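Peer 1: Supplied in structure tokens, the structure appears directly below.
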Amino acid sequence: MVMRLSDCQLHRLLTCATDAAIEAGRLIATVDRQTLQVKDKVAGDTLSSQVVTQVDVDSQALIVSKLASSLDEYGIVILAEEGADEVSASRHSRHDADYFWSIDPLDGTLPFIEGTAGFAVSIALVRQDGSPVLGVVMNPATGDYYQALLGNTVTLLHKNGMHWQPIGEKGATSVFDLFIDRSFLNEQRFNDFLDKLESTVRDDGFSEVRVHHTSGAVMNAIKVMETPNAAYLKLPKKRKGGGSLWDFSATAAIAEAARQVWDNDVWVSDCHGAPLDLNRPDSHFMNHKGVVYLHHRGSDGAPSDLYERVIQLCRLIHA
């Protein structure tokens, strides 16, 4: 029988994860990025997934030490980026545990080593069925941190410890912001996708799609929620890659909490409209179904069908 944590227990775990994320973020913020030594690792098919620094390793060690007390107390196991073995992904202990921590100690390693913003710490608690129940993201470049809890009777959405409300008036801009990973720019289907997306959002009164490609997956998703009319997409592909479970677990929790708190203005799903598969049985990667984050409401304040049309577009491009 699957154990279900109480709201009181989830609150305690959220506090624990928040403390770990903040401390790891502060560690990362103190690093002199001009002296970094970058190493290669075996991972996905993009450069961003194949580089690692000692900072990634040190941040993960700090986080794991902060979460250690929860492992025995609640029977939680850990899935963390550094040291995760794709070959044995199907045999990971997360498949047998009621809950597991999904940790990215430093997402956006490329912007981090390049000396720009767009990197973050990400910690989530995920059920065995793949649904996230809490998420914390810390942005070391600004000191901002984001929390979500999807409890049994309560939903919490905070930014910097305060109730988080969306910025700006929905539908008040003529620009739709598209956040992507830089690797998408080099795919043959990018230009076709962009042309069709511009046509799709034009029906909602947007005259331009503004493309952003400088951040990692975690901050791309956060920026969608920080921006009144925006999307972050990763289309399905056959090659292994497309981000990993730990890249999306925390922001999936935050996006779902925002959807509930902000009255259905935010969506998170795969490219077929189904919940993200955050405990995929056969791999750590998310290339099989893709990822969609979207934030939008109609200019008159009414619910929008833009999400459904974007999902249709993803299916069309992927077909």
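Residue numbering restarts at 1 for every chain of the structure tokens, chains are lettered A, B, ... in their displayed order, and ligands are numbered from 1 as they appear.
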Please identify all polymer residues within 7 Å of region 207-214 of chain A, counting only C-alpha atoms, omitting same-chain residues fewer than 3 positions from it, and present them as a PyMOL selection string.
Peer 2: chain A and resi 111+118+174-182+198+202
Peer 1: Would you mind exporting the chosen residues as a compact mmCIF listing (two decimals), in the first residue's frame, restricted to N, CA and C atoms?
Peer 2:
# COMPACT_ATOMS: atom_id res chain seq x y z
N PRO A 111 25.13 28.53 -19.22
CA PRO A 111 25.19 29.95 -18.87
C PRO A 111 26.04 30.22 -17.63
N GLY A 118 20.69 32.68 -15.86
CA GLY A 118 19.92 31.60 -16.47
C GLY A 118 20.15 30.25 -15.84
N SER A 174 1.61 43.16 -27.17
CA SER A 174 1.48 42.60 -28.52
C SER A 174 2.56 41.56 -28.78
N VAL A 175 3.40 41.29 -27.79
CA VAL A 175 4.52 40.36 -27.95
C VAL A 175 4.26 39.08 -27.17
N PHE A 176 4.48 37.95 -27.82
CA PHE A 176 4.41 36.66 -27.15
C PHE A 176 5.84 36.15 -27.01
N ASP A 177 6.23 35.78 -25.79
CA ASP A 177 7.61 35.38 -25.52
C ASP A 177 7.74 33.86 -25.57
N LEU A 178 8.70 33.38 -26.36
CA LEU A 178 8.98 31.96 -26.48
C LEU A 178 10.35 31.68 -25.89
N PHE A 179 10.39 30.83 -24.87
CA PHE A 179 11.64 30.41 -24.25
C PHE A 179 11.99 29.02 -24.75
N ILE A 180 13.23 28.86 -25.23
CA ILE A 180 13.68 27.58 -25.76
C ILE A 180 15.11 27.32 -25.29
N ASP A 181 15.53 26.06 -25.39
CA ASP A 181 16.94 25.73 -25.20
C ASP A 181 17.68 26.07 -26.48
N ARG A 182 18.92 26.49 -26.34
CA ARG A 182 19.66 26.95 -27.54
C ARG A 182 19.82 25.85 -28.58
N GLU A 198 3.93 31.76 -34.77
CA GLU A 198 3.58 33.16 -35.02
C GLU A 198 2.18 33.26 -35.60
N ARG A 202 -1.06 34.92 -33.58
CA ARG A 202 -1.60 36.12 -34.23
C ARG A 202 -3.12 36.19 -34.06
Peer 1: If we count only C-alpha atoms and set the cut-off at 12 Å, which residues sit around Thr173 (chain A), ignoring sequence neighbours fewer than 3 positions away in its own chain? Please answer as an MDAnalysis selection string.
Peer 2: chainID A and resid 168:170 176:177 204:210 227:230 296:299
Peer 1: Using the selection just defined, write its residues with all heavy atoms as a short mmCIF file (atom, residue, chain, number, x, y, z; two decimals), in the first residue's frame.
Peer 2:
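Produced file result.cif, reproduced below:
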data_model
loop_
_atom_site.label_atom_id
_atom_site.label_comp_id
_atom_site.auth_asym_id
_atom_site.auth_seq_id
_atom_site.Cartn_x
_atom_site.Cartn_y
_atom_site.Cartn_z
N GLY A 168 1.98 41.97 -14.28
CA GLY A 168 1.49 42.58 -15.50
C GLY A 168 0.06 42.21 -15.82
O GLY A 168 -0.52 41.29 -15.25
N GLU A 169 -0.53 42.95 -16.74
CA GLU A 169 -1.89 42.70 -17.18
C GLU A 169 -1.89 41.72 -18.33
O GLU A 169 -1.23 41.92 -19.34
CB GLU A 169 -2.55 44.02 -17.62
CG GLU A 169 -2.71 45.01 -16.48
CD GLU A 169 -3.45 46.25 -16.93
OE1 GLU A 169 -4.11 46.18 -17.99
OE2 GLU A 169 -3.38 47.27 -16.26
N LYS A 170 -2.64 40.65 -18.19
CA LYS A 170 -2.70 39.63 -19.23
C LYS A 170 -3.35 40.21 -20.49
O LYS A 170 -4.33 40.92 -20.43
CB LYS A 170 -3.48 38.42 -18.73
CG LYS A 170 -2.91 37.84 -17.44
CD LYS A 170 -3.78 36.75 -16.93
CE LYS A 170 -3.29 36.26 -15.58
NZ LYS A 170 -3.39 37.27 -14.54
N PHE A 176 4.48 37.95 -27.82
CA PHE A 176 4.41 36.66 -27.15
C PHE A 176 5.84 36.15 -27.01
O PHE A 176 6.60 36.12 -27.98
CB PHE A 176 3.59 35.67 -27.96
CG PHE A 176 3.34 34.36 -27.25
CD1 PHE A 176 2.26 34.23 -26.40
CD2 PHE A 176 4.18 33.28 -27.44
CE1 PHE A 176 2.03 33.04 -25.73
CE2 PHE A 176 3.95 32.08 -26.79
CZ PHE A 176 2.87 31.96 -25.92
N ASP A 177 6.23 35.78 -25.79
CA ASP A 177 7.61 35.38 -25.52
C ASP A 177 7.74 33.86 -25.57
O ASP A 177 7.00 33.14 -24.89
CB ASP A 177 8.05 35.90 -24.15
CG ASP A 177 8.23 37.40 -24.15
OD1 ASP A 177 9.26 37.86 -24.66
OD2 ASP A 177 7.33 38.12 -23.65
N ASP A 204 -4.61 35.62 -31.47
CA ASP A 204 -4.87 36.17 -30.13
C ASP A 204 -4.41 37.61 -30.01
O ASP A 204 -4.35 38.16 -28.91
CB ASP A 204 -4.17 35.31 -29.07
CG ASP A 204 -4.82 33.95 -28.94
OD1 ASP A 204 -4.58 33.09 -29.82
OD2 ASP A 204 -5.57 33.73 -27.98
N GLY A 205 -4.06 38.22 -31.12
CA GLY A 205 -3.69 39.63 -31.12
C GLY A 205 -2.22 39.92 -30.95
O GLY A 205 -1.82 41.08 -30.80
N PHE A 206 -1.36 38.90 -31.01
CA PHE A 206 0.08 39.11 -30.87
C PHE A 206 0.69 39.33 -32.25
O PHE A 206 0.47 38.55 -33.17
CB PHE A 206 0.74 37.91 -30.18
CG PHE A 206 0.24 37.68 -28.79
CD1 PHE A 206 -0.64 36.64 -28.52
CD2 PHE A 206 0.65 38.50 -27.75
CE1 PHE A 206 -1.10 36.42 -27.24
CE2 PHE A 206 0.19 38.30 -26.47
CZ PHE A 206 -0.69 37.26 -26.20
N SER A 207 1.48 40.37 -32.36
CA SER A 207 2.09 40.70 -33.65
C SER A 207 3.51 40.17 -33.78
O SER A 207 4.08 40.20 -34.88
CB SER A 207 2.13 42.22 -33.83
OG SER A 207 2.89 42.83 -32.79
N GLU A 208 4.07 39.64 -32.69
CA GLU A 208 5.48 39.21 -32.72
C GLU A 208 5.69 38.09 -31.71
O GLU A 208 5.11 38.09 -30.63
CB GLU A 208 6.38 40.40 -32.37
CG GLU A 208 7.86 40.07 -32.25
CD GLU A 208 8.67 41.23 -31.72
OE1 GLU A 208 8.09 42.32 -31.49
OE2 GLU A 208 9.89 41.04 -31.52
N VAL A 209 6.54 37.14 -32.08
CA VAL A 209 7.04 36.15 -31.15
C VAL A 209 8.50 36.48 -30.86
O VAL A 209 9.33 36.49 -31.77
CB VAL A 209 6.92 34.71 -31.70
CG1 VAL A 209 7.61 33.73 -30.76
CG2 VAL A 209 5.45 34.33 -31.88
N ARG A 210 8.79 36.76 -29.62
CA ARG A 210 10.16 37.10 -29.20
C ARG A 210 10.82 35.84 -28.63
O ARG A 210 10.31 35.26 -27.68
CB ARG A 210 10.11 38.21 -28.17
CG ARG A 210 11.46 38.73 -27.70
CD ARG A 210 11.28 40.05 -26.96
NE ARG A 210 10.22 39.98 -25.95
CZ ARG A 210 9.66 41.05 -25.39
NH1 ARG A 210 10.02 42.27 -25.78
NH2 ARG A 210 8.72 40.92 -24.48
N THR A 227 6.23 35.84 -16.89
CA THR A 227 5.88 36.63 -18.07
C THR A 227 4.42 36.40 -18.42
O THR A 227 3.97 35.26 -18.52
CB THR A 227 6.76 36.20 -19.26
OG1 THR A 227 8.15 36.26 -18.88
CG2 THR A 227 6.54 37.10 -20.47
N PRO A 228 3.63 37.47 -18.62
CA PRO A 228 2.18 37.30 -18.80
C PRO A 228 1.76 36.44 -19.99
O PRO A 228 0.77 35.74 -19.92
CB PRO A 228 1.69 38.74 -18.96
CG PRO A 228 2.72 39.58 -18.29
CD PRO A 228 4.02 38.88 -18.52
N ASN A 229 2.49 36.50 -21.09
CA ASN A 229 2.13 35.74 -22.28
C ASN A 229 3.38 35.07 -22.82
O ASN A 229 4.19 35.70 -23.51
CB ASN A 229 1.52 36.66 -23.35
CG ASN A 229 0.25 37.32 -22.86
OD1 ASN A 229 -0.78 36.66 -22.71
ND2 ASN A 229 0.32 38.61 -22.58
N ALA A 230 3.54 33.78 -22.51
CA ALA A 230 4.81 33.14 -22.82
C ALA A 230 4.65 31.63 -22.84
O ALA A 230 3.69 31.07 -22.29
CB ALA A 230 5.87 33.53 -21.80
N HIS A 296 -0.97 32.21 -20.18
CA HIS A 296 -1.75 33.11 -21.03
C HIS A 296 -3.20 33.13 -20.57
O HIS A 296 -3.73 32.15 -20.06
CB HIS A 296 -1.71 32.64 -22.49
CG HIS A 296 -2.59 33.43 -23.40
ND1 HIS A 296 -2.41 34.78 -23.64
CD2 HIS A 296 -3.68 33.07 -24.13
CE1 HIS A 296 -3.34 35.21 -24.47
NE2 HIS A 296 -4.12 34.20 -24.78
N ARG A 297 -3.83 34.28 -20.75
CA ARG A 297 -5.28 34.40 -20.65
C ARG A 297 -5.73 35.38 -21.72
O ARG A 297 -4.99 36.30 -22.08
CB ARG A 297 -5.70 34.90 -19.27
CG ARG A 297 -7.21 35.16 -19.19
CD ARG A 297 -7.68 35.54 -17.82
NE ARG A 297 -7.77 34.36 -16.95
CZ ARG A 297 -8.47 34.36 -15.81
NH1 ARG A 297 -9.10 35.45 -15.42
NH2 ARG A 297 -8.52 33.28 -15.07
N GLY A 298 -6.94 35.20 -22.23
CA GLY A 298 -7.46 36.07 -23.28
C GLY A 298 -7.46 37.53 -22.87
O GLY A 298 -7.54 37.87 -21.69
N SER A 299 -7.37 38.42 -23.86
CA SER A 299 -7.26 39.85 -23.58
C SER A 299 -8.48 40.41 -22.85
O SER A 299 -8.39 41.41 -22.16
CB SER A 299 -7.06 40.62 -24.90
OG SER A 299 -8.14 40.37 -25.79
#
Peer 1: Where does DSSP see helix (DSSP H, G or I) in region 111-167 of chain A, if you list the residues as a PyMOL selection string?
Peer 2: chain A and resi 111-114
Peer 1: Would you write out those residues with N, CA and C atoms, as an mmCIF file, in the first residue's frame?
Peer 2:
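The result, stored in again_24.cif:
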data_model
loop_
_atom_site.group_PDB
_atom_site.id
_atom_site.type_symbol
_atom_site.label_atom_id
_atom_site.label_comp_id
_atom_site.auth_asym_id
_atom_site.auth_seq_id
_atom_site.Cartn_x
_atom_site.Cartn_y
_atom_site.Cartn_z
ATOM 1 N N PRO A 111 25.133 28.528 -19.218
ATOM 2 C CA PRO A 111 25.189 29.955 -18.868
ATOM 3 C C PRO A 111 26.039 30.220 -17.630
ATOM 4 N N PHE A 112 26.084 29.258 -16.708
ATOM 5 C CA PHE A 112 26.906 29.448 -15.514
ATOM 6 C C PHE A 112 28.377 29.564 -15.877
ATOM 7 N N ILE A 113 28.879 28.646 -16.714
ATOM 8 C CA ILE A 113 30.302 28.692 -17.049
ATOM 9 C C ILE A 113 30.614 29.827 -18.027
ATOM 10 N N GLU A 114 29.584 30.311 -18.734
ATOM 11 C CA GLU A 114 29.785 31.426 -19.666
ATOM 12 C C GLU A 114 29.702 32.789 -18.988
#
Peer 1: Mind running region 79-111 of chain A against region 11-35 of chain A at 10 Å and telling me each contacting residue's nearest atom pair with the distance in Å (one decimal), counting only C-alpha atoms, chain and number ascending, as a tab-separated table?
Peer 2:
residue	atom	partner	partner_atom	distance
A:Trp101	CA	A:Ala17	CA	9.3
A:Ile103	CA	A:Ala21	CA	9.7
A:Asp104	CA	A:Ala21	CA	9.9
A:Pro105	CA	A:Ala24	CA	7.5
A:Leu106	CA	A:Ile28	CA	8.2
Peer 1: I need the chosen residues saved as a compact mmCIF listing (two decimals), in the first residue's frame, with N, CA and C atoms.
Peer 2:
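Final output, part21.txt:
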# COMPACT_ATOMS: atom_id res chain seq x y z
N TRP A 101 13.17 12.34 -3.89
CA TRP A 101 13.66 13.68 -4.17
C TRP A 101 14.23 13.69 -5.59
N ILE A 103 16.52 16.04 -7.86
CA ILE A 103 17.42 17.17 -7.58
C ILE A 103 18.28 17.53 -8.78
N ASP A 104 18.26 18.79 -9.14
CA ASP A 104 19.23 19.33 -10.09
C ASP A 104 20.04 20.38 -9.32
N PRO A 105 21.26 20.06 -8.96
CA PRO A 105 22.04 20.96 -8.09
C PRO A 105 22.49 22.24 -8.77
N LEU A 106 22.57 22.20 -10.10
CA LEU A 106 22.92 23.40 -10.87
C LEU A 106 22.43 23.21 -12.29
Peer 1: Identify which of the residues A:Leu276, A:Val121, A:Val266, A:Leu10 lies closest to Met219 (chain A), counting only C-alpha atoms when measuring atom-to-atom distances.
Peer 2: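 Among the listed residues, the smallest separation from Met219 (chain A) belongs to A:Val121.
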Peer 1: What lies within 12 Å of Ala258 (chain A) using only C-alpha atoms, ignoring chain neighbours under 3 positions off, as a PyMOL selection string?
Peer 2: chain A and resi 135+146-150+155-159+163-166+221-222+224-226+251-255+261-268+293-296
Peer 1: I need the residues from that last selection saved to file as a PDB file, in the first residue's frame (with C-alpha atoms), if you can.
Peer 2:
ATOM      1  CA  GLY A 135       9.040  22.079  -5.640  1.00  0.00           C
ATOM      2  CA  TYR A 146      10.154  29.952  -5.573  1.00  0.00           C
ATOM      3  CA  GLN A 147       8.131  27.393  -3.608  1.00  0.00           C
ATOM      4  CA  ALA A 148       5.117  25.251  -4.372  1.00  0.00           C
ATOM      5  CA  LEU A 149       3.226  22.652  -2.369  1.00  0.00           C
ATOM      6  CA  LEU A 150       0.429  20.527  -3.791  1.00  0.00           C
ATOM      7  CA  THR A 155      -2.004  24.503  -2.407  1.00  0.00           C
ATOM      8  CA  LEU A 156       0.873  26.889  -1.708  1.00  0.00           C
ATOM      9  CA  LEU A 157       2.638  29.173  -4.199  1.00  0.00           C
ATOM     10  CA  HIS A 158       5.296  31.535  -2.870  1.00  0.00           C
ATOM     11  CA  LYS A 159       8.062  33.741  -4.209  1.00  0.00           C
ATOM     12  CA  HIS A 163       2.265  34.718  -1.819  1.00  0.00           C
ATOM     13  CA  TRP A 164       3.198  34.959  -5.505  1.00  0.00           C
ATOM     14  CA  GLN A 165       0.919  36.880  -7.824  1.00  0.00           C
ATOM     15  CA  PRO A 166       1.405  37.139 -11.604  1.00  0.00           C
ATOM     16  CA  ALA A 221      10.020  27.484 -17.039  1.00  0.00           C
ATOM     17  CA  ILE A 222      10.196  30.058 -14.239  1.00  0.00           C
ATOM     18  CA  VAL A 224       7.204  31.632 -18.428  1.00  0.00           C
ATOM     19  CA  MET A 225       5.422  32.084 -15.112  1.00  0.00           C
ATOM     20  CA  GLU A 226       7.073  35.486 -14.625  1.00  0.00           C
ATOM     21  CA  THR A 251       8.910  23.693 -12.017  1.00  0.00           C
ATOM     22  CA  ALA A 252       6.095  21.250 -12.822  1.00  0.00           C
ATOM     23  CA  ALA A 253       5.000  21.517  -9.183  1.00  0.00           C
ATOM     24  CA  ILE A 254       5.304  25.310  -9.299  1.00  0.00           C
ATOM     25  CA  ALA A 255       3.393  25.568 -12.594  1.00  0.00           C
ATOM     26  CA  VAL A 261      -3.873  29.734  -7.595  1.00  0.00           C
ATOM     27  CA  TRP A 262      -3.995  31.934 -10.710  1.00  0.00           C
ATOM     28  CA  ASP A 263      -7.289  30.547 -12.013  1.00  0.00           C
ATOM     29  CA  ASN A 264      -6.124  28.377 -14.931  1.00  0.00           C
ATOM     30  CA  ASP A 265      -3.709  30.871 -16.505  1.00  0.00           C
ATOM     31  CA  VAL A 266      -0.803  28.397 -16.535  1.00  0.00           C
ATOM     32  CA  TRP A 267      -0.398  24.968 -18.150  1.00  0.00           C
ATOM     33  CA  VAL A 268       2.292  22.311 -17.849  1.00  0.00           C
ATOM     34  CA  TYR A 293       4.832  25.292 -20.204  1.00  0.00           C
ATOM     35  CA  LEU A 294       2.407  28.079 -21.142  1.00  0.00           C
ATOM     36  CA  HIS A 295       1.109  31.212 -19.416  1.00  0.00           C
ATOM     37  CA  HIS A 296      -1.753  33.106 -21.027  1.00  0.00           C
TER      38      HIS A 296
END
Peer 1: Please return, as a ChimeraX atom specification, all residues of region 124-154 of chain A that DSSP assigns to strand (DSSP E or B) on the basis of the backbone.
Peer 2: /A:124-127,132-138,145-150
Peer 1: Let me make sure I understand: among A:Thr142, A:Ser102, A:Ser90, A:Thr109, which one has the smallest atom-to-atom distance to Ala124 (chain A) if we use only C-alpha atoms?
Peer 2: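 Closest to Ala124 (chain A), using only C-alpha atoms: A:Ser102.
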Peer 1: From the list A:Met3, A:Val137, A:Leu197, A:Ala68, which residue is nearest Lys223 (chain A) when using only C-alpha atoms?
Peer 2: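 Result for the nearest residue to Lys223 (chain A): A:Val137.
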Peer 1: Would you kindly return, as a PyMOL selection string, each protein, DNA or RNA residue with an atom no farther than 9 Å from any atom of Gly273 (chain A), considering only C-alpha atoms and excluding same-chain residues fewer than 6 positions away?
Peer 2: chain A and resi 292+307-308+311
Peer 1: Residues as selected, all heavy atoms, written as a CSV table (one decimal), in the first residue's frame, can you do that?
Peer 2:
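Output contents, as saved in result21.csv:
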chain,number,residue,atom,x,y,z
A,292,VAL,N,5.8,21.1,-22.4
A,292,VAL,CA,5.2,22.4,-22.7
A,292,VAL,C,4.8,23.1,-21.4
A,292,VAL,O,4.2,22.5,-20.5
A,292,VAL,CB,3.8,22.2,-23.5
A,292,VAL,CG1,3.1,23.6,-23.6
A,292,VAL,CG2,4.1,21.6,-24.8
A,307,TYR,N,-3.6,27.3,-25.4
A,307,TYR,CA,-2.8,26.0,-25.0
A,307,TYR,C,-3.2,24.9,-25.9
A,307,TYR,O,-2.3,24.2,-26.4
A,307,TYR,CB,-3.1,25.7,-23.5
A,307,TYR,CG,-2.7,24.3,-23.1
A,307,TYR,CD1,-1.4,24.0,-22.9
A,307,TYR,CD2,-3.7,23.3,-22.9
A,307,TYR,CE1,-1.0,22.7,-22.6
A,307,TYR,CE2,-3.3,22.0,-22.6
A,307,TYR,CZ,-1.9,21.7,-22.4
A,307,TYR,OH,-1.6,20.4,-22.1
A,308,GLU,N,-4.5,24.7,-26.1
A,308,GLU,CA,-4.9,23.6,-27.0
A,308,GLU,C,-4.4,23.7,-28.4
A,308,GLU,O,-4.0,22.7,-29.0
A,308,GLU,CB,-6.5,23.5,-27.0
A,308,GLU,CG,-7.1,22.9,-25.8
A,308,GLU,CD,-7.2,24.0,-24.6
A,308,GLU,OE1,-6.9,25.2,-24.9
A,308,GLU,OE2,-7.5,23.6,-23.5
A,311,ILE,N,-0.7,22.8,-28.4
A,311,ILE,CA,-0.5,21.3,-28.3
A,311,ILE,C,-0.8,20.7,-29.7
A,311,ILE,O,0.0,19.9,-30.2
A,311,ILE,CB,-1.5,20.7,-27.3
A,311,ILE,CG1,-1.1,21.1,-25.9
A,311,ILE,CG2,-1.6,19.2,-27.5
A,311,ILE,CD1,0.2,20.5,-25.4
Peer 1: Point out the residue among A:Asn139, A:Ser122, A:Gln312, A:Asn152 with the least atom-to-atom distance to His272 (chain A), counting only C-alpha atoms.
Peer 2: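 Counting only C-alpha atoms, the residue closest to His272 (chain A) is A:Gln312.
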Peer 1: Between CA of Asn220 (chain A) and CA of Asp192 (chain A), what distance in Å does the model show, to one decimal?
Peer 2: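 Going from CA of Asn220 (chain A) over to CA of Asp192 (chain A) covers 21.2 Å.
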Peer 1: Considering only C-alpha atoms, can you say which of A:Lys66, A:Arg127, A:Arg91, A:Lys237 comes closest to Leu278 (chain A)?
Peer 2: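 Smallest distance to Leu278 (chain A) is found for A:Arg127.
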